[in-house]
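**Q** Structure incoming, see below.
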Amino acid sequence: MLKRVLAEIARGNQTDVTRLAKRLGTSKALVRQMLQTLEQMGYLRHLANVCPPSCKQCPVRHRCSALWQLTPRGRQVIEEVPR
């Protein structure tokens with residue numbers, strides 16, 4: 001399931017929690033946990049600190065999950081996934 005999350009992000013799909021949960025057929029809570037786990041493992045980097053100026057007024061910008069990037073380690077995992 002973690003590889004599926006990485007694959008969705010690698011495809012450039014919207015990565016907000018609600019959409020990921022729907023695409024993966026799981027709960028938003030589990031998606032949040034998977035994103036956090038992947039970040040802790042060094043496969044993802046959360047880009048909330050580089051939000052565009054329009055996000056400055058957003059009340060949830062520090063918990064935003066819409067901006068994720070694969071790390072080199074994450075890209076390596078995706079390349080190993082059979083298509």
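Chains: A, B, ... in order of the structure tokens. Residues: from 1 per chain. Ligands: from 1, in order shown.
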List as a ChimeraX atom specification the protein and nucleic acid residues near Leu24 of chain A, meaning an atom at most 9 Å away when only C-alpha atoms are counted, but skip any in the same chain fewer than 6 places from it.
**A** /A:1,4-5,31
**Q** Between A:Met34, A:Leu47, A:Ala29, A:Leu6, single out the one closest to Glu80 of chain A, counting only C-alpha atoms.
**A**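 That would be A:Leu6, the residue with the smallest distance to Glu80 of chain A.
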**Q** For Leu70 of chain A, list every protein, DNA or RNA residue within 9 Å, evaluated using only C-alpha atoms, and leave out those in the same chain fewer than 6 positions away; present the list as a list in words.
**A** Leu6, Ile9, Ala10, Gly42, Tyr43, Leu44, Arg45 and His46 of chain A
**Q** Could you tell me which of A:Arg19, A:Gln33, A:Glu8, A:Thr26 comes closest to Trp68 of chain A if we count only C-alpha atoms?
**A**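 Answer, going by the shortest atom-to-atom distance: A:Glu8.
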**Q** Please indicate the distance in Å from atom CA of Gln40 of chain A to atom CA of Pro72 of chain A, rounded to one decimal place.
**A**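 Spanning atom CA of Gln40 of chain A to atom CA of Pro72 of chain A is a straight-line distance of 14.1 Å.
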**Q** Find, counting only C-alpha atoms, the residue in A:Arg32, A:Arg23, A:Met41, A:Asp16 that gets nearest to Val77 of chain A.
**A**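 The shortest atom-to-atom distance to Val77 of chain A comes from A:Met41.
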